[in-house]
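Q: Got coords-v5.csv for you, CSV, N, CA and C atoms and all ligand atoms:
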chain,number,residue,atom,x,y,z
U,533,MET,N,-45.2,-3.9,-43.9
U,533,MET,CA,-44.5,-5.2,-43.6
U,533,MET,C,-45.2,-6.3,-44.2
U,534,GLY,N,-44.5,-7.4,-44.6
U,534,GLY,CA,-45.1,-8.5,-45.2
U,534,GLY,C,-45.8,-9.4,-44.2
U,535,VAL,N,-46.5,-10.4,-44.8
U,535,VAL,CA,-47.3,-11.3,-44.0
U,535,VAL,C,-46.6,-12.7,-44.0
U,536,ASP,N,-46.4,-13.3,-42.8
U,536,ASP,CA,-45.8,-14.6,-42.8
U,536,ASP,C,-46.8,-15.7,-43.2
U,537,ASP,N,-46.4,-16.7,-44.0
U,537,ASP,CA,-47.3,-17.7,-44.4
U,537,ASP,C,-47.8,-18.5,-43.1
U,538,CYS,N,-49.0,-19.0,-43.3
U,538,CYS,CA,-49.6,-19.8,-42.2
U,538,CYS,C,-49.0,-21.2,-42.1
U,539,THR,N,-48.5,-21.6,-41.0
U,539,THR,CA,-47.8,-22.9,-40.9
U,539,THR,C,-48.9,-24.0,-40.9
U,540,LEU,N,-50.1,-23.7,-40.6
U,540,LEU,CA,-51.2,-24.7,-40.6
U,540,LEU,C,-52.0,-24.8,-41.8
U,541,TYR,N,-52.4,-23.7,-42.4
U,541,TYR,CA,-53.3,-23.7,-43.5
U,541,TYR,C,-52.8,-23.1,-44.8
U,542,GLY,N,-51.6,-22.5,-44.8
U,542,GLY,CA,-51.1,-21.7,-45.9
U,542,GLY,C,-51.6,-20.3,-45.9
U,543,ILE,N,-52.9,-20.1,-45.9
U,543,ILE,CA,-53.5,-18.8,-45.7
U,543,ILE,C,-54.1,-18.7,-44.3
U,544,HIS,N,-53.8,-17.7,-43.5
U,544,HIS,CA,-54.4,-17.6,-42.2
U,544,HIS,C,-55.9,-17.6,-42.2
U,545,LYS,N,-56.5,-18.5,-41.3
U,545,LYS,CA,-57.9,-18.5,-41.1
U,545,LYS,C,-58.2,-17.7,-39.8
U,546,MET,N,-58.5,-16.4,-40.0
U,546,MET,CA,-58.7,-15.5,-38.9
U,546,MET,C,-60.1,-15.5,-38.3
U,547,LYS,N,-60.1,-15.9,-37.1
U,547,LYS,CA,-61.4,-15.8,-36.4
U,547,LYS,C,-61.4,-14.7,-35.4
U,548,ILE,N,-62.6,-14.0,-35.3
U,548,ILE,CA,-62.7,-12.9,-34.4
U,548,ILE,C,-62.6,-13.4,-32.9
U,549,VAL,N,-61.8,-12.7,-32.1
U,549,VAL,CA,-61.7,-13.0,-30.7
U,549,VAL,C,-62.4,-12.1,-29.8
U,550,SER,N,-62.1,-10.8,-30.0
U,550,SER,CA,-62.7,-9.8,-29.1
U,550,SER,C,-62.5,-8.4,-29.6
U,551,ARG,N,-62.8,-7.5,-28.8
U,551,ARG,CA,-62.6,-6.1,-29.1
U,551,ARG,C,-61.1,-5.7,-28.7
U,552,ALA,N,-60.6,-4.7,-29.5
U,552,ALA,CA,-59.3,-4.2,-29.2
U,552,ALA,C,-59.3,-2.7,-29.0
U,553,ILE,N,-58.5,-2.2,-28.1
U,553,ILE,CA,-58.4,-0.8,-27.9
U,553,ILE,C,-57.0,-0.4,-28.4
U,554,ILE,N,-57.0,0.6,-29.4
U,554,ILE,CA,-55.8,1.0,-30.0
U,554,ILE,C,-55.3,2.3,-29.4
U,555,LYS,N,-54.1,2.3,-28.9
U,555,LYS,CA,-53.5,3.5,-28.3
U,555,LYS,C,-52.2,3.9,-29.0
U,556,ASN,N,-52.0,5.2,-28.9
U,556,ASN,CA,-50.7,5.8,-29.5
U,556,ASN,C,-49.6,5.5,-28.5
U,557,LYS,N,-48.6,4.8,-28.9
U,557,LYS,CA,-47.5,4.4,-28.0
U,557,LYS,C,-46.6,5.6,-27.6
U,558,ASN,N,-46.7,6.7,-28.3
U,558,ASN,CA,-45.9,7.9,-28.0
U,558,ASN,C,-46.6,8.8,-27.0
U,559,THR,N,-47.9,8.8,-27.1
U,559,THR,CA,-48.6,9.8,-26.2
U,559,THR,C,-49.5,9.0,-25.1
U,560,GLY,N,-49.8,7.7,-25.4
U,560,GLY,CA,-50.7,7.0,-24.5
U,560,GLY,C,-52.1,7.2,-24.7
U,561,LYS,N,-52.4,8.1,-25.7
U,561,LYS,CA,-53.8,8.5,-25.9
U,561,LYS,C,-54.5,7.4,-26.8
U,562,THR,N,-55.8,7.2,-26.5
U,562,THR,CA,-56.6,6.2,-27.3
U,562,THR,C,-56.9,6.8,-28.7
U,563,ILE,N,-56.6,5.9,-29.7
U,563,ILE,CA,-56.9,6.3,-31.1
U,563,ILE,C,-58.3,5.8,-31.4
U,564,ASN,N,-58.6,4.6,-31.0
U,564,ASN,CA,-59.9,4.0,-31.3
U,564,ASN,C,-60.1,2.8,-30.3
U,565,SER,N,-61.3,2.8,-29.7
U,565,SER,CA,-61.5,1.7,-28.7
U,565,SER,C,-62.5,0.7,-29.2
U,566,HIS,N,-62.8,0.7,-30.5
U,566,HIS,CA,-63.8,-0.2,-31.1
U,566,HIS,C,-63.2,-1.0,-32.3
U,567,TRP,N,-62.0,-1.3,-32.2
U,567,TRP,CA,-61.5,-2.3,-33.2
U,567,TRP,C,-61.8,-3.7,-32.8
U,568,SER,N,-61.7,-4.6,-33.7
U,568,SER,CA,-61.8,-6.0,-33.4
U,568,SER,C,-60.5,-6.7,-33.6
U,569,TYR,N,-60.2,-7.8,-32.9
U,569,TYR,CA,-59.0,-8.5,-33.3
U,569,TYR,C,-59.3,-10.0,-33.5
U,570,TYR,N,-58.4,-10.6,-34.3
U,570,TYR,CA,-58.6,-11.9,-34.8
U,570,TYR,C,-57.4,-12.7,-34.6
U,571,ARG,N,-57.6,-14.0,-34.5
U,571,ARG,CA,-56.5,-14.9,-34.3
U,571,ARG,C,-56.7,-16.2,-35.1
U,572,CYS,N,-55.5,-16.6,-35.7
U,572,CYS,CA,-55.5,-17.9,-36.4
U,572,CYS,C,-55.0,-19.0,-35.5
U,573,LYS,N,-55.4,-20.2,-35.7
U,573,LYS,CA,-54.9,-21.3,-34.8
U,573,LYS,C,-53.4,-21.4,-34.7
U,574,CYS,N,-52.7,-20.9,-35.7
U,574,CYS,CA,-51.2,-20.9,-35.7
U,574,CYS,C,-50.6,-19.8,-34.8
U,575,GLY,N,-51.5,-18.9,-34.3
U,575,GLY,CA,-51.0,-17.9,-33.4
U,575,GLY,C,-50.9,-16.5,-34.0
U,576,ASN,N,-51.1,-16.4,-35.3
U,576,ASN,CA,-51.0,-15.2,-36.0
U,576,ASN,C,-52.2,-14.3,-35.6
U,577,LEU,N,-51.9,-13.0,-35.3
U,577,LEU,CA,-52.9,-12.0,-34.8
U,577,LEU,C,-53.1,-10.9,-35.9
U,578,PHE,N,-54.3,-10.3,-35.8
U,578,PHE,CA,-54.6,-9.3,-36.8
U,578,PHE,C,-55.7,-8.4,-36.1
U,579,ALA,N,-55.7,-7.1,-36.3
U,579,ALA,CA,-56.7,-6.2,-35.7
U,579,ALA,C,-57.1,-5.2,-36.8
U,580,CYS,N,-58.4,-4.8,-36.8
U,580,CYS,CA,-58.8,-3.8,-37.7
U,580,CYS,C,-60.1,-3.1,-37.2
U,581,SER,N,-60.4,-2.0,-37.8
U,581,SER,CA,-61.6,-1.2,-37.4
U,581,SER,C,-62.8,-1.6,-38.2
U,582,GLY,N,-62.7,-2.4,-39.3
U,582,GLY,CA,-63.8,-2.8,-40.1
U,582,GLY,C,-64.3,-4.2,-39.7
U,583,ALA,N,-65.1,-4.8,-40.6
U,583,ALA,CA,-65.7,-6.1,-40.3
U,583,ALA,C,-65.5,-7.1,-41.4
U,584,PRO,N,-64.3,-7.5,-41.8
U,584,PRO,CA,-64.1,-8.4,-42.9
U,584,PRO,C,-64.8,-9.7,-42.8
U,585,GLN,N,-65.0,-10.2,-41.5
U,585,GLN,CA,-65.7,-11.5,-41.3
U,585,GLN,C,-67.1,-11.4,-41.8
U,586,LEU,N,-67.7,-10.2,-42.0
U,586,LEU,CA,-69.0,-10.0,-42.5
U,586,LEU,C,-69.0,-9.6,-44.0
U,587,GLY,N,-67.8,-9.6,-44.6
U,587,GLY,CA,-67.7,-9.2,-46.0
U,587,GLY,C,-67.6,-7.7,-46.2
U,588,GLU,N,-67.4,-7.0,-45.1
U,588,GLU,CA,-67.3,-5.6,-45.1
U,588,GLU,C,-65.8,-5.2,-45.2
U,589,PRO,N,-65.5,-3.9,-45.5
U,589,PRO,CA,-64.1,-3.5,-45.6
U,589,PRO,C,-63.3,-3.7,-44.3
U,590,VAL,N,-62.0,-3.9,-44.5
U,590,VAL,CA,-61.1,-4.1,-43.4
U,590,VAL,C,-60.9,-2.7,-42.7
U,591,MET,N,-60.8,-1.7,-43.5
U,591,MET,CA,-60.5,-0.3,-43.1
U,591,MET,C,-59.1,-0.2,-42.4
U,592,ASP,N,-59.0,0.5,-41.3
U,592,ASP,CA,-57.7,0.6,-40.7
U,592,ASP,C,-57.3,-0.7,-40.1
U,593,TYR,N,-56.0,-1.1,-40.2
U,593,TYR,CA,-55.6,-2.4,-39.7
U,593,TYR,C,-54.1,-2.5,-39.2
U,594,LEU,N,-53.9,-3.5,-38.4
U,594,LEU,CA,-52.5,-3.8,-38.0
U,594,LEU,C,-52.3,-5.3,-38.2
U,595,THR,N,-51.1,-5.6,-38.8
U,595,THR,CA,-50.8,-7.0,-38.9
U,595,THR,C,-50.0,-7.6,-37.7
U,596,ASN,N,-49.8,-8.9,-37.7
U,596,ASN,CA,-49.2,-9.6,-36.6
U,596,ASN,C,-47.9,-8.9,-36.0
U,597,HIS,N,-47.1,-8.3,-36.9
U,597,HIS,CA,-45.8,-7.8,-36.5
U,597,HIS,C,-46.0,-6.7,-35.5
U,598,TYR,N,-47.1,-6.0,-35.4
U,598,TYR,CA,-47.3,-4.9,-34.5
U,598,TYR,C,-48.1,-5.4,-33.2
U,599,MET,N,-48.3,-6.7,-33.1
U,599,MET,CA,-49.1,-7.2,-32.0
U,599,MET,C,-48.4,-8.1,-31.1
U,600,ASP,N,-47.0,-8.1,-31.1
U,600,ASP,CA,-46.2,-8.9,-30.2
U,600,ASP,C,-46.6,-8.6,-28.8
U,601,GLY,N,-46.7,-9.6,-28.0
U,601,GLY,CA,-46.9,-9.4,-26.6
U,601,GLY,C,-48.3,-9.0,-26.1
U,602,VAL,N,-49.3,-8.9,-27.1
U,602,VAL,CA,-50.6,-8.6,-26.6
U,602,VAL,C,-51.3,-9.9,-26.2
U,603,GLY,N,-52.3,-9.8,-25.4
U,603,GLY,CA,-53.0,-11.0,-24.8
U,603,GLY,C,-53.7,-11.8,-25.9
U,604,MET,N,-54.1,-13.0,-25.6
U,604,MET,CA,-54.7,-13.9,-26.6
U,604,MET,C,-56.2,-14.0,-26.3
U,605,SER,N,-56.8,-13.4,-25.3
U,605,SER,CA,-58.2,-13.5,-25.0
U,605,SER,C,-58.7,-12.2,-24.3
U,606,GLY,N,-60.0,-12.0,-24.4
U,606,GLY,CA,-60.6,-10.8,-23.8
U,606,GLY,C,-60.3,-9.6,-24.5
U,607,ILE,N,-60.6,-8.4,-24.0
U,607,ILE,CA,-60.4,-7.2,-24.6
U,607,ILE,C,-58.9,-6.8,-24.5
U,608,ILE,N,-58.2,-6.5,-25.5
U,608,ILE,CA,-56.8,-6.2,-25.5
U,608,ILE,C,-56.5,-4.7,-25.8
U,609,THR,N,-55.4,-4.3,-25.3
U,609,THR,CA,-54.9,-2.9,-25.6
U,609,THR,C,-53.7,-3.0,-26.5
U,610,ILE,N,-53.6,-2.4,-27.6
U,610,ILE,CA,-52.5,-2.4,-28.5
U,610,ILE,C,-51.9,-1.0,-28.6
U,611,PHE,N,-50.6,-0.9,-28.2
U,611,PHE,CA,-49.9,0.4,-28.3
U,611,PHE,C,-49.1,0.4,-29.6
U,612,VAL,N,-49.4,1.4,-30.5
U,612,VAL,CA,-48.8,1.5,-31.8
U,612,VAL,C,-48.3,2.9,-32.1
U,613,ASP,N,-47.4,3.0,-33.0
U,613,ASP,CA,-47.1,4.2,-33.6
U,613,ASP,C,-48.2,4.4,-34.7
U,614,PRO,N,-48.9,5.5,-34.7
U,614,PRO,CA,-50.0,5.7,-35.6
U,614,PRO,C,-49.6,5.5,-37.1
U,615,SER,N,-48.3,5.8,-37.4
U,615,SER,CA,-47.9,5.6,-38.8
U,615,SER,C,-47.8,4.2,-39.2
U,616,ASP,N,-47.9,3.2,-38.2
U,616,ASP,CA,-47.8,1.8,-38.5
U,616,ASP,C,-49.2,1.3,-38.9
U,617,ILE,N,-50.2,2.1,-38.7
U,617,ILE,CA,-51.6,1.6,-39.1
U,617,ILE,C,-51.8,1.7,-40.6
U,618,GLU,N,-52.1,0.6,-41.2
U,618,GLU,CA,-52.4,0.6,-42.6
U,618,GLU,C,-53.9,0.7,-42.8
U,619,SER,N,-54.3,0.9,-44.1
U,619,SER,CA,-55.8,1.0,-44.4
U,619,SER,C,-56.1,0.5,-45.7
U,620,THR,N,-57.2,-0.2,-45.9
U,620,THR,CA,-57.7,-0.7,-47.2
U,620,THR,C,-59.2,-0.7,-47.1
U,621,THR,N,-59.8,-0.5,-48.3
U,621,THR,CA,-61.3,-0.7,-48.4
U,621,THR,C,-61.7,-2.0,-49.0
U,622,ASP,N,-60.7,-2.9,-49.2
U,622,ASP,CA,-61.0,-4.3,-49.6
U,622,ASP,C,-61.5,-5.1,-48.4
U,623,ASP,N,-62.2,-6.2,-48.6
U,623,ASP,CA,-62.8,-7.0,-47.5
U,623,ASP,C,-61.8,-8.1,-47.1
U,624,THR,N,-60.6,-8.1,-47.5
U,624,THR,CA,-59.6,-9.0,-47.0
U,624,THR,C,-58.2,-8.4,-47.3
U,625,ILE,N,-57.2,-9.0,-46.7
U,625,ILE,CA,-55.8,-8.6,-47.1
U,625,ILE,C,-55.1,-9.9,-47.5
U,626,PRO,N,-54.0,-9.8,-48.4
U,626,PRO,CA,-53.3,-11.0,-48.8
U,626,PRO,C,-52.9,-11.9,-47.7
U,627,GLY,N,-53.0,-13.2,-47.9
U,627,GLY,CA,-52.5,-14.1,-46.9
U,627,GLY,C,-53.5,-14.4,-45.7
U,628,HIS,N,-54.6,-13.7,-45.7
U,628,HIS,CA,-55.6,-13.9,-44.6
U,628,HIS,C,-57.0,-14.2,-45.2
U,629,SER,N,-57.7,-15.1,-44.5
U,629,SER,CA,-59.2,-15.2,-44.8
U,629,SER,C,-59.9,-15.0,-43.5
U,630,PHE,N,-61.0,-14.3,-43.5
U,630,PHE,CA,-61.7,-13.9,-42.3
U,630,PHE,C,-63.0,-14.7,-42.2
U,631,MET,N,-63.3,-15.2,-41.0
U,631,MET,CA,-64.6,-16.0,-40.8
U,631,MET,C,-65.2,-15.7,-39.4
U,701,ZN,ZN,-52.3,-19.1,-39.5
Would you give me this structure, written as structure tokens?
Ligand SMILES: [Zn+2]
A:
Amino acid sequence: MGVDDCTLYGIHKMKIVSRAIIKNKNTGKTINSHWSYYRCKCGNLFACSGAPQLGEPVMDYLTNHYMDGVGMSGIITIFVDPSDIESTTDDTIPGHSFM
């Protein structure tokens, strides 16, 4: 899925918020409990298993489209279809900067 432009900055400025627990929405089983999630001031959310804010690879990730309804603070749980998880070894993805 594509990325929406940032209404505040043009490119989302993603700041790490907390840890995220990723669960399979079909089985309820935990896929990974050590992801991080990020938020831009415009409200856009992002979650991944890597550490792009440190210049490290993003690895497995979910864009804002799959994070509707999740909390905005503290540790969150995200229920996803595993096939919606994307992956990259780059340290960023288009339309986002990590800090
Ligand atoms: Zn933004």
Q: Calculated over all atoms listed in the file, which of the candidates U:Val549, U:Ala583, U:Cys572, U:Met599 has the smallest distance to ligand ZN 701 (chain U)?
A: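 Looking only at the distances to ligand ZN 701 (chain U), the closest residue turns out to be U:Cys572.
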Q: Distance table requested - segment 575-619 of chain U against segment 551-567 of chain U, cut-off 6 Å, only C-alpha atoms: one row per qualifying residue with the closest atom pair and its distance in Å to one decimal, ordered by chain and rising residue number, as JSON lines.
A:
{"residue": "U:Cys580", "atom": "CA", "partner": "U:Trp567", "partner_atom": "CA", "distance": 5.5}
{"residue": "U:Ser581", "atom": "CA", "partner": "U:Trp567", "partner_atom": "CA", "distance": 4.3}
{"residue": "U:Ile607", "atom": "CA", "partner": "U:Arg551", "partner_atom": "CA", "distance": 5.1}
{"residue": "U:Ile608", "atom": "CA", "partner": "U:Ala552", "partner_atom": "CA", "distance": 4.9}
{"residue": "U:Thr609", "atom": "CA", "partner": "U:Ile553", "partner_atom": "CA", "distance": 4.7}
{"residue": "U:Ile610", "atom": "CA", "partner": "U:Ile554", "partner_atom": "CA", "distance": 5.0}
{"residue": "U:Phe611", "atom": "CA", "partner": "U:Lys557", "partner_atom": "CA", "distance": 4.7}
{"residue": "U:Val612", "atom": "CA", "partner": "U:Lys557", "partner_atom": "CA", "distance": 5.0}
{"residue": "U:Asp613", "atom": "CA", "partner": "U:Lys557", "partner_atom": "CA", "distance": 5.6}
Q: Output the neighbourhood of ligand ZN 701 (chain U) as a list in words, that is, all protein and nucleic acid residues with some atom at most 6.5 Å from the ligand, counting only N, CA and C atoms and all ligand atoms.
A: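 These are the residues that qualify: Asp537, Cys538, Thr539, Leu540, Tyr541, Gly542, Ile543, His544, Lys545, Cys572, Lys573, Cys574, Gly575 and Asn576 of chain U.
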Q: Among chain U, which residues does DSSP mark as strand (DSSP E) when it is run on the backbone? Keep the chain and numbering as in the structure and answer as a PyMOL selection string.
A: chain U and resi 544-556+562-571+577-580+591-594+608-612+618-620+628-630
Q: Per DSSP on the backbone, what are the helix (DSSP H, G or I) residues of chain U, as a list in words?
A: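 Assigned to helix (DSSP H, G or I), within chain U: Pro584, Gln585, Leu586, Asn596, His597, Tyr598, Pro614, Ser615 and Asp616 of chain U.
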Q: Would you compute the distance between atom N of Gly627 of chain U and atom C of Gly606 of chain U? Give it in Å to one decimal.
A: 24.8 Å
Q: Between U:Gly587, U:Gly582, U:Met631, U:Asp592, which has the minimum distance to Ser619 of chain U (counting all atoms listed in the file)?
A: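 Smallest distance to Ser619 of chain U is found for U:Asp592.
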Q: Rounded to one decimal in Å, what is the spacing between atom N of Met546 of chain U and atom CA of Tyr598 of chain U?
A: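 Value for the atom N of Met546 of chain U-atom CA of Tyr598 of chain U distance: 17.0 Å.
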